file final-v1.cif (mmCIF, C-alpha atoms)
data_target
loop_
_atom_site.label_atom_id
_atom_site.label_comp_id
_atom_site.auth_asym_id
_atom_site.auth_seq_id
_atom_site.Cartn_x
_atom_site.Cartn_y
_atom_site.Cartn_z
CA MET A 1 126.23 31.15 -27.49
CA ILE A 2 124.08 28.53 -29.29
CA SER A 3 121.44 26.71 -27.29
CA ARG A 4 121.18 22.95 -27.73
CA LEU A 5 117.57 23.62 -28.77
CA THR A 6 118.48 26.14 -31.47
CA LYS A 7 117.58 25.13 -35.02
CA ILE A 8 120.22 26.12 -37.55
CA PHE A 9 119.72 25.87 -41.31
CA ILE A 10 122.83 26.00 -43.53
CA THR A 11 123.05 26.17 -47.31
CA GLY A 12 126.08 25.14 -49.37
CA THR A 13 127.13 22.45 -46.94
CA THR A 14 128.53 20.21 -49.67
CA GLY A 15 130.98 23.03 -50.46
CA PHE A 16 134.19 24.05 -48.72
CA ILE A 17 132.95 26.84 -46.43
CA GLY A 18 129.59 25.31 -45.52
CA ALA A 19 131.07 21.90 -44.77
CA ASN A 20 133.60 23.33 -42.34
CA ILE A 21 130.92 25.36 -40.55
CA VAL A 22 128.79 22.24 -40.18
CA ARG A 23 131.72 20.20 -38.88
CA ARG A 24 132.47 22.80 -36.20
CA LEU A 25 128.83 23.04 -35.10
CA VAL A 26 128.53 19.26 -34.90
CA SER A 27 131.77 19.06 -32.89
CA THR A 28 130.39 21.54 -30.33
CA GLY A 29 127.27 19.43 -29.81
CA PHE A 30 125.04 22.50 -30.01
CA GLY A 31 121.99 23.10 -32.11
CA SER A 32 119.74 21.01 -34.31
CA ILE A 33 121.42 21.30 -37.72
CA PHE A 34 119.46 21.21 -40.98
CA VAL A 35 121.36 21.39 -44.28
CA SER A 36 120.28 21.95 -47.87
CA VAL A 37 121.19 19.27 -50.39
CA ARG A 38 120.24 18.43 -53.95
CA LYS A 39 119.83 14.96 -55.42
CA SER A 40 122.90 15.66 -57.55
CA SER A 41 125.03 16.84 -54.60
CA ASN A 42 128.38 15.18 -53.92
CA LEU A 43 128.31 14.58 -50.17
CA TRP A 44 131.96 13.59 -49.65
CA ARG A 45 132.72 16.53 -47.34
CA ILE A 46 129.86 15.73 -44.95
CA LYS A 47 129.22 12.03 -45.57
CA ASP A 48 130.47 11.02 -42.11
CA LEU A 49 128.13 13.57 -40.49
CA LEU A 50 124.86 12.42 -42.05
CA GLY A 51 123.76 10.70 -38.85
CA LYS A 52 124.21 13.94 -36.91
CA ILE A 53 122.62 16.45 -39.31
CA LYS A 54 119.29 16.64 -41.12
CA PRO A 55 119.50 16.99 -44.92
CA VAL A 56 116.61 18.70 -46.71
CA ASP A 57 116.23 18.65 -50.51
CA PHE A 58 115.66 22.29 -51.49
CA ASP A 59 114.90 23.74 -54.91
CA PHE A 60 115.95 27.32 -54.27
CA ALA A 61 114.80 28.42 -57.73
CA ASP A 62 111.21 27.64 -56.69
CA GLY A 63 110.12 30.30 -54.22
CA LYS A 64 107.03 28.34 -53.18
CA ASP A 65 109.11 25.22 -52.47
CA VAL A 66 111.58 27.25 -50.41
CA LEU A 67 108.78 28.87 -48.40
CA LYS A 68 107.07 25.53 -47.72
CA LYS A 69 110.23 23.73 -46.61
CA ILE A 70 111.78 26.57 -44.62
CA LYS A 71 108.53 26.91 -42.65
CA LYS A 72 108.64 23.20 -41.92
CA VAL A 73 112.23 23.42 -40.65
CA ASN A 74 111.46 26.72 -38.83
CA PRO A 75 115.08 27.61 -37.98
CA GLU A 76 116.15 30.40 -35.64
CA ILE A 77 119.41 30.91 -37.57
CA ILE A 78 120.13 30.67 -41.31
CA ILE A 79 123.71 30.55 -42.63
CA HIS A 80 123.79 31.02 -46.39
CA THR A 81 127.04 29.89 -48.08
CA ALA A 82 125.74 28.39 -51.36
CA ALA A 83 127.09 30.17 -54.46
CA CYS A 84 128.06 29.77 -58.10
CA GLY A 85 130.78 31.45 -60.16
CA GLY A 86 133.80 31.23 -57.88
CA PHE A 87 135.69 29.02 -60.34
CA ALA A 88 136.84 29.71 -63.90
CA PHE A 89 134.70 26.87 -65.28
CA GLN A 90 131.56 28.42 -63.76
CA ASP A 91 131.32 31.06 -66.46
CA ASN A 92 127.65 31.02 -67.48
CA TYR A 93 126.32 34.33 -66.20
CA ARG A 94 122.73 33.11 -66.27
CA ASP A 95 123.62 30.29 -63.89
CA ILE A 96 125.52 32.71 -61.69
CA ILE A 97 122.59 35.13 -61.53
CA ALA A 98 120.13 32.31 -60.83
CA ALA A 99 122.21 30.81 -58.01
CA ASN A 100 123.53 33.95 -56.36
CA ILE A 101 120.63 36.35 -56.82
CA THR A 102 117.35 34.53 -57.48
CA ASP A 103 118.01 31.70 -55.01
CA THR A 104 119.15 34.11 -52.30
CA VAL A 105 116.14 36.39 -52.76
CA ASN A 106 113.81 33.39 -52.48
CA LEU A 107 115.52 32.30 -49.27
CA LEU A 108 115.40 35.81 -47.78
CA GLU A 109 111.72 36.22 -48.63
CA ALA A 110 110.96 32.88 -46.95
CA ALA A 111 113.07 33.89 -43.94
CA LYS A 112 110.81 36.91 -43.34
CA THR A 113 107.98 34.54 -42.42
CA LEU A 114 109.97 33.07 -39.53
CA ASN A 115 110.74 34.28 -36.05
CA LEU A 116 114.36 34.46 -37.15
CA GLN A 117 117.20 35.47 -34.83
CA LEU A 118 119.85 35.78 -37.53
CA PHE A 119 120.52 35.47 -41.27
CA ILE A 120 124.20 35.31 -42.27
CA ASN A 121 124.87 36.00 -45.94
CA THR A 122 128.25 35.08 -47.43
CA GLY A 123 129.84 37.74 -49.60
CA SER A 124 133.15 37.89 -51.46
CA SER A 125 136.17 40.16 -51.84
CA SER A 126 135.44 39.95 -55.60
CA GLU A 127 132.78 42.58 -54.93
CA TYR A 128 135.43 45.29 -54.57
CA GLY A 129 137.03 45.23 -58.01
CA ILE A 130 140.33 47.01 -58.68
CA LYS A 131 141.94 48.58 -55.60
CA SER A 132 145.42 49.85 -54.80
CA GLU A 133 145.12 49.70 -51.00
CA PRO A 134 143.51 47.49 -48.33
CA MET A 135 139.84 46.94 -49.14
CA SER A 136 137.40 48.55 -46.71
CA GLU A 137 133.66 48.01 -46.40
CA ASP A 138 133.24 51.76 -46.98
CA ASN A 139 134.94 51.59 -50.40
CA SER A 140 132.93 52.04 -53.57
CA CYS A 141 132.64 48.66 -55.29
CA PHE A 142 133.18 48.14 -59.02
CA PRO A 143 133.38 44.35 -59.53
CA VAL A 144 134.97 43.11 -62.75
CA SER A 145 133.34 39.68 -62.98
CA PHE A 146 129.78 38.36 -63.19
CA TYR A 147 130.45 36.54 -59.91
CA GLY A 148 131.53 39.75 -58.18
CA ILE A 149 128.53 41.65 -59.58
CA SER A 150 126.09 39.00 -58.38
CA LYS A 151 127.62 38.83 -54.90
CA LEU A 152 127.62 42.63 -54.55
CA CYS A 153 123.98 42.71 -55.63
CA MET A 154 123.02 40.37 -52.81
CA THR A 155 125.23 42.06 -50.23
CA LEU A 156 123.44 45.35 -50.95
CA PHE A 157 120.06 43.62 -51.05
CA CYS A 158 120.73 42.06 -47.63
CA ARG A 159 121.89 45.41 -46.30
CA LEU A 160 118.68 47.07 -47.44
CA GLN A 161 116.56 44.27 -46.00
CA GLY A 162 118.31 44.72 -42.67
CA LEU A 163 117.71 48.47 -42.69
CA MET A 164 114.10 48.45 -43.91
CA SER A 165 112.69 45.33 -42.27
CA SER A 166 113.07 43.55 -38.97
CA LEU A 167 115.20 40.84 -40.60
CA PRO A 168 118.44 40.51 -38.58
CA VAL A 169 120.93 40.05 -41.43
CA CYS A 170 124.70 40.33 -41.69
CA THR A 171 127.04 39.74 -44.65
CA LEU A 172 130.52 38.34 -44.09
CA ARG A 173 132.65 39.38 -47.06
CA LEU A 174 135.22 36.58 -47.29
CA PHE A 175 138.61 36.99 -48.90
CA SER A 176 140.51 33.77 -49.87
CA PRO A 177 139.81 30.93 -47.42
CA TYR A 178 141.93 27.78 -47.51
CA GLY A 179 142.27 24.64 -45.41
CA TYR A 180 140.63 21.27 -44.83
CA CYS A 181 138.36 19.93 -47.59
CA ASP A 182 139.29 22.73 -49.98
CA ASP A 183 138.37 22.34 -53.64
CA LYS A 184 140.92 20.66 -55.92
CA ASN A 185 140.59 23.48 -58.46
CA ARG A 186 141.95 26.12 -56.10
CA LEU A 187 145.58 27.22 -55.92
CA ILE A 188 146.64 25.88 -52.52
CA PRO A 189 145.17 22.36 -52.96
CA GLN A 190 146.74 22.14 -56.43
CA VAL A 191 150.18 23.12 -55.16
CA ILE A 192 150.00 20.90 -52.08
CA THR A 193 148.87 17.79 -53.97
CA SER A 194 151.52 18.31 -56.65
CA ALA A 195 154.19 18.77 -53.98
CA LEU A 196 153.10 15.65 -52.06
CA LEU A 197 152.94 13.53 -55.22
CA GLY A 198 156.25 14.79 -56.60
CA ARG A 199 154.73 16.45 -59.64
CA ASP A 200 155.95 19.67 -61.23
CA ILE A 201 154.01 22.69 -60.02
CA VAL A 202 152.92 24.85 -62.92
CA ILE A 203 151.38 28.22 -62.08
CA SER A 204 150.45 31.26 -64.10
CA ASN A 205 150.36 34.87 -62.94
CA PRO A 206 152.92 34.27 -60.14
CA CYS A 207 152.79 37.93 -59.08
CA ASN A 208 149.02 37.95 -58.49
CA LYS A 209 148.20 38.61 -54.85
CA ARG A 210 145.48 37.43 -52.50
CA ASP A 211 144.57 37.72 -48.84
CA TYR A 212 144.58 34.08 -47.69
CA ILE A 213 142.63 33.30 -44.51
CA PHE A 214 142.68 29.90 -42.78
CA ILE A 215 139.34 28.14 -42.58
CA ASP A 216 139.34 27.83 -38.78
CA ASP A 217 139.56 31.62 -38.52
CA VAL A 218 136.72 31.96 -41.04
CA VAL A 219 134.47 29.60 -39.07
CA ASN A 220 135.33 31.50 -35.88
CA ALA A 221 133.98 34.66 -37.55
CA TYR A 222 130.63 32.98 -38.28
CA LEU A 223 130.43 31.84 -34.65
CA LYS A 224 131.19 35.38 -33.47
CA VAL A 225 128.28 36.66 -35.56
CA ILE A 226 126.01 33.98 -34.06
CA SER A 227 127.02 35.02 -30.56
CA LYS A 228 126.07 38.66 -31.30
CA LYS A 229 122.83 38.14 -33.30
CA LYS A 230 121.82 41.83 -33.40
CA PHE A 231 122.54 43.03 -36.93
CA LYS A 232 120.81 45.34 -39.39
CA GLY A 233 122.43 44.64 -42.73
CA ASN A 234 126.04 44.97 -41.54
CA ILE A 235 128.83 44.17 -44.03
CA ILE A 236 132.05 42.83 -42.47
CA ASN A 237 135.33 41.85 -44.12
CA ILE A 238 136.83 38.52 -43.08
CA GLY A 239 140.46 38.22 -44.14
CA SER A 240 143.95 38.07 -42.69
CA GLY A 241 144.80 41.70 -43.43
CA LYS A 242 147.89 40.54 -45.31
CA GLU A 243 148.54 39.69 -48.94
CA TYR A 244 150.74 37.03 -50.51
CA SER A 245 151.69 36.46 -54.12
CA VAL A 246 150.91 33.16 -55.84
CA LYS A 247 154.65 32.52 -56.15
CA SER A 248 155.34 33.09 -52.44
CA ILE A 249 152.54 30.71 -51.42
CA ALA A 250 153.94 28.00 -53.70
CA GLU A 251 157.44 28.51 -52.30
CA ILE A 252 156.22 28.25 -48.70
CA ILE A 253 154.39 24.99 -49.50
CA LEU A 254 157.48 23.53 -51.20
CA LYS A 255 159.57 24.37 -48.14
CA LEU A 256 157.04 22.96 -45.65
CA THR A 257 156.57 19.69 -47.58
CA GLY A 258 160.27 19.25 -48.35
CA SER A 259 159.15 18.38 -51.86
CA LYS A 260 161.57 18.08 -54.78
CA SER A 261 158.85 19.19 -57.18
CA LYS A 262 159.93 21.89 -59.61
CA LEU A 263 158.14 25.20 -59.67
CA LYS A 264 157.39 26.31 -63.22
CA PHE A 265 155.69 29.43 -64.46
CA LYS A 266 153.34 29.41 -67.41
CA LYS A 267 153.26 32.50 -69.58
CA SER A 268 149.91 34.23 -69.58
CA GLU A 269 148.65 37.61 -70.59
CA SER A 270 148.20 40.04 -67.74
CA LYS A 271 144.57 40.60 -66.88
CA ILE A 272 143.16 44.09 -66.57
CA THR A 273 140.79 42.61 -64.00
CA GLU A 274 143.61 41.78 -61.58
CA SER A 275 143.80 44.19 -58.66
CA PRO A 276 147.29 45.49 -57.78
CA ALA A 277 146.43 45.11 -54.10
CA TRP A 278 144.26 42.43 -52.54
CA MET A 279 144.00 42.48 -48.79
CA ALA A 280 141.27 43.14 -46.28
CA ASP A 281 140.94 46.03 -43.92
CA ILE A 282 139.60 44.08 -40.92
CA THR A 283 139.09 47.04 -38.59
CA ARG A 284 135.31 46.58 -38.58
CA ALA A 285 135.56 42.86 -37.73
CA LYS A 286 137.75 43.71 -34.76
CA GLU A 287 135.40 46.43 -33.55
CA ILE A 288 132.00 44.78 -34.10
CA LEU A 289 132.80 41.09 -33.65
CA ALA A 290 135.89 41.27 -31.45
CA TRP A 291 137.33 38.92 -34.09
CA GLU A 292 140.72 38.75 -35.73
CA PRO A 293 142.68 35.86 -37.28
CA VAL A 294 144.88 33.88 -34.93
CA ILE A 295 146.51 31.49 -37.41
CA ASP A 296 149.35 32.87 -39.55
CA ILE A 297 150.01 31.68 -43.08
CA THR A 298 152.79 29.23 -42.15
CA SER A 299 150.77 27.59 -39.36
CA GLY A 300 147.68 27.43 -41.55
CA LEU A 301 149.57 25.83 -44.42
CA LYS A 302 151.14 23.30 -42.03
CA LYS A 303 147.68 22.27 -40.81
CA THR A 304 146.40 22.11 -44.38
CA ILE A 305 149.35 20.01 -45.60
CA TYR A 306 148.88 17.59 -42.69
CA TRP A 307 145.19 17.16 -43.60
CA PHE A 308 146.00 16.65 -47.28
CA LYS A 309 148.60 14.00 -46.44
CA LYS A 310 145.92 12.03 -44.60
CA ASN A 311 143.37 12.50 -47.39
CA ILE A 312 145.51 12.55 -50.52
CA SER A 313 143.50 9.70 -52.07
CA ILE A 314 140.56 12.10 -52.47
CA TYR A 315 142.63 14.40 -54.66
CA ARG A 316 144.56 11.91 -56.79
#
call {"tool": "encode", "arguments": {"input": "final-v1.cif", "output": "structure tokens"}}
result
Amino acid sequence: MISRLTKIFITGTTGFIGANIVRRLVSTGFGSIFVSVRKSSNLWRIKDLLGKIKPVDFDFADGKDVLKKIKKVNPEIIIHTAACGGFAFQDNYRDIIAANITDTVNLLEAAKTLNLQLFINTGSSSEYGIKSEPMSEDNSCFPVSFYGISKLCMTLFCRLQGLMSSLPVCTLRLFSPYGYCDDKNRLIPQVITSALLGRDIVISNPCNKRDYIFIDDVVNAYLKVISKKKFKGNIINIGSGKEYSVKSIAEIILKLTGSKSKLKFKKSESKITESPAWMADITRAKEILAWEPVIDITSGLKKTIYWFKKNISIYR
């Protein structure tokens, strides 16, 4: 799979997805792992790993700096998870474009100078827009957010690079990951922490649906891509293939924690940007990667709740 001599460079490792990928790679003992960091980065997710990984301060907005430093690292594999715009407070479209498009283009251009085995780009289900049935990679995409537009732009850019050049690139289009080290601003961490601390759980849009996929299954998908290596711009959905409403997720968490917290619903105007269906068609992942999720929603939430109990001080 991954040789102990393989150099792997990962962006976004101070975030939820990137940190979990790094933790798994470190636990396997394979590869020489380089990670991108900024001076302003909060390293809490990977602080205990700093002796086992090699941080590099990258300015992705500076194409010359990226080229210089990526040549020095000279990785065989690049895993790109850094992004902006996935949270409501990240609403400046110029920042989103800079982080998701300009930075990614600079990294891809630098990658062309290497003898690269694989470039994994991280996409998003937000690229699809409004759908009434399971979302397939062959669907036309009409994103309804600046974040979705920027991610679709780079998914298509990576696809074209894979088709027109020798760059071995693949985009994993993630749905709604959850699990260890998740961000406090996301639904599942908010509900779990409120339940554990005995606080009322206030949610809006209880009927909104998402395809929630446990982080271990997500990381397994990245490892499957690494084991294959031969890609030419492929786009692959990574989700559970099932959808759950916000309300049902909160109710499952309340049951699993045994919490006495009250579930309250805040009135909010319905959004025209909310898709009536939100689940992945994972046929392509099964066929190309021989991957499918193995952890159901109840088991995944149990594992997540257990982790949050041990680390609740981080989220207080």
call {"tool": "resolve_selection", "arguments": {"input": "final-v1.cif", "expression": "the PyMOL selection byres ((chain A and resi 297) around 9)", "output": "VMD selection string"}}
result
chain A and resid 212 to 214 240 249 295 to 296 298 to 302
call {"tool": "residues_around", "arguments": {"input": "final-v1.cif", "residues": "A:Ala280", "least_positions_apart": "3", "cutoff": "7 Å", "atoms": "all atoms listed in the file", "output": "VMD selection string"}}
result
chain A and resid 134 to 136 211 237 239 to 241
call {"tool": "write_last_selection", "arguments": {"input": "final-v1.cif", "atoms": "C-alpha atoms", "output": "short mmCIF file (atom, residue, chain, number, x, y, z; two decimals), in the coordinates of the input"}}
result
data_model
loop_
_atom_site.label_atom_id
_atom_site.label_comp_id
_atom_site.auth_asym_id
_atom_site.auth_seq_id
_atom_site.Cartn_x
_atom_site.Cartn_y
_atom_site.Cartn_z
CA PRO A 134 143.51 47.49 -48.33
CA MET A 135 139.84 46.94 -49.14
CA SER A 136 137.40 48.55 -46.71
CA ASP A 211 144.57 37.72 -48.84
CA ASN A 237 135.33 41.85 -44.12
CA GLY A 239 140.46 38.22 -44.14
CA SER A 240 143.95 38.07 -42.69
CA GLY A 241 144.80 41.70 -43.43
#
call {"tool": "closest_residue", "arguments": {"input": "final-v1.cif", "among": "A:Pro293, A:Pro75, A:Gly86, A:Gly258", "to": "A:Asp183", "atoms": "only C-alpha atoms"}}
result
A:Gly86
call {"tool": "closest_atom_pairs", "arguments": {"input": "final-v1.cif", "of": "stretch 177-218 of chain A", "to": "stretch 33-51 of chain A", "cutoff": "12 Å", "atoms": "all atoms listed in the file", "output": "JSON lines"}}
result
{"residue": "A:Tyr180", "atom": "CA", "partner": "A:Arg45", "partner_atom": "CA", "distance": 9.6}
{"residue": "A:Cys181", "atom": "CA", "partner": "A:Arg45", "partner_atom": "CA", "distance": 6.6}
{"residue": "A:Asp182", "atom": "CA", "partner": "A:Arg45", "partner_atom": "CA", "distance": 9.4}
{"residue": "A:Asp183", "atom": "CA", "partner": "A:Arg45", "partner_atom": "CA", "distance": 10.3}
call {"tool": "closest_residue", "arguments": {"input": "final-v1.cif", "among": "A:Ile130, A:Leu174, A:Ile8, A:Cys158", "to": "A:Ala277", "atoms": "only C-alpha atoms"}}
result
A:Ile130
call {"tool": "closest_residue", "arguments": {"input": "final-v1.cif", "among": "A:Phe119, A:Phe308, A:Phe16, A:Tyr147", "to": "A:Ile77", "atoms": "all atoms listed in the file"}}
result
A:Phe119
call {"tool": "resolve_selection", "arguments": {"input": "final-v1.cif", "expression": "the PyMOL selection byres ((chain A and resi 250) around 9)", "output": "number ranges by chain"}}
result
A: 187-188, 191-192, 201, 203, 245-249, 251-255, 263
call {"tool": "write_last_selection", "arguments": {"input": "final-v1.cif", "atoms": "C-alpha atoms", "output": "mmCIF file, in the frame of the given file"}}
result
data_model
loop_
_atom_site.group_PDB
_atom_site.id
_atom_site.type_symbol
_atom_site.label_atom_id
_atom_site.label_comp_id
_atom_site.auth_asym_id
_atom_site.auth_seq_id
_atom_site.Cartn_x
_atom_site.Cartn_y
_atom_site.Cartn_z
ATOM 1 C CA LEU A 187 145.580 27.220 -55.920
ATOM 2 C CA ILE A 188 146.640 25.880 -52.520
ATOM 3 C CA VAL A 191 150.180 23.120 -55.160
ATOM 4 C CA ILE A 192 150.000 20.900 -52.080
ATOM 5 C CA ILE A 201 154.010 22.690 -60.020
ATOM 6 C CA ILE A 203 151.380 28.220 -62.080
ATOM 7 C CA SER A 245 151.690 36.460 -54.120
ATOM 8 C CA VAL A 246 150.910 33.160 -55.840
ATOM 9 C CA LYS A 247 154.650 32.520 -56.150
ATOM 10 C CA SER A 248 155.340 33.090 -52.440
ATOM 11 C CA ILE A 249 152.540 30.710 -51.420
ATOM 12 C CA GLU A 251 157.440 28.510 -52.300
ATOM 13 C CA ILE A 252 156.220 28.250 -48.700
ATOM 14 C CA ILE A 253 154.390 24.990 -49.500
ATOM 15 C CA LEU A 254 157.480 23.530 -51.200
ATOM 16 C CA LYS A 255 159.570 24.370 -48.140
ATOM 17 C CA LEU A 263 158.140 25.200 -59.670
#
call {"tool": "resolve_selection", "arguments": {"input": "final-v1.cif", "expression": "the PyMOL selection byres ((chain A and resi 71) around 12)", "output": "PyMOL selection string"}}
result
chain A and resi 7+9+64-70+72-76+107+109-116
call {"tool": "closest_residue", "arguments": {"input": "final-v1.cif", "among": "A:Ser124, A:Gln90, A:Ser259, A:Asn100", "to": "A:Phe175", "atoms": "only C-alpha atoms"}}
result
A:Ser124
call {"tool": "atom_distance", "arguments": {"input": "final-v1.cif", "atom1": "atom CA of A:Val144", "atom2": "atom CA of A:Ile236"}}
result
20.5 Å
call {"tool": "atom_distance", "arguments": {"input": "final-v1.cif", "atom1": "atom CA of A:Gly123", "atom2": "atom CA of A:Asn185"}}
result
19.9 Å
call {"tool": "closest_residue", "arguments": {"input": "final-v1.cif", "among": "A:Ser166, A:Glu137, A:Gly18, A:Leu256", "to": "A:Thr283", "atoms": "all atoms listed in the file"}}
result
A:Glu137
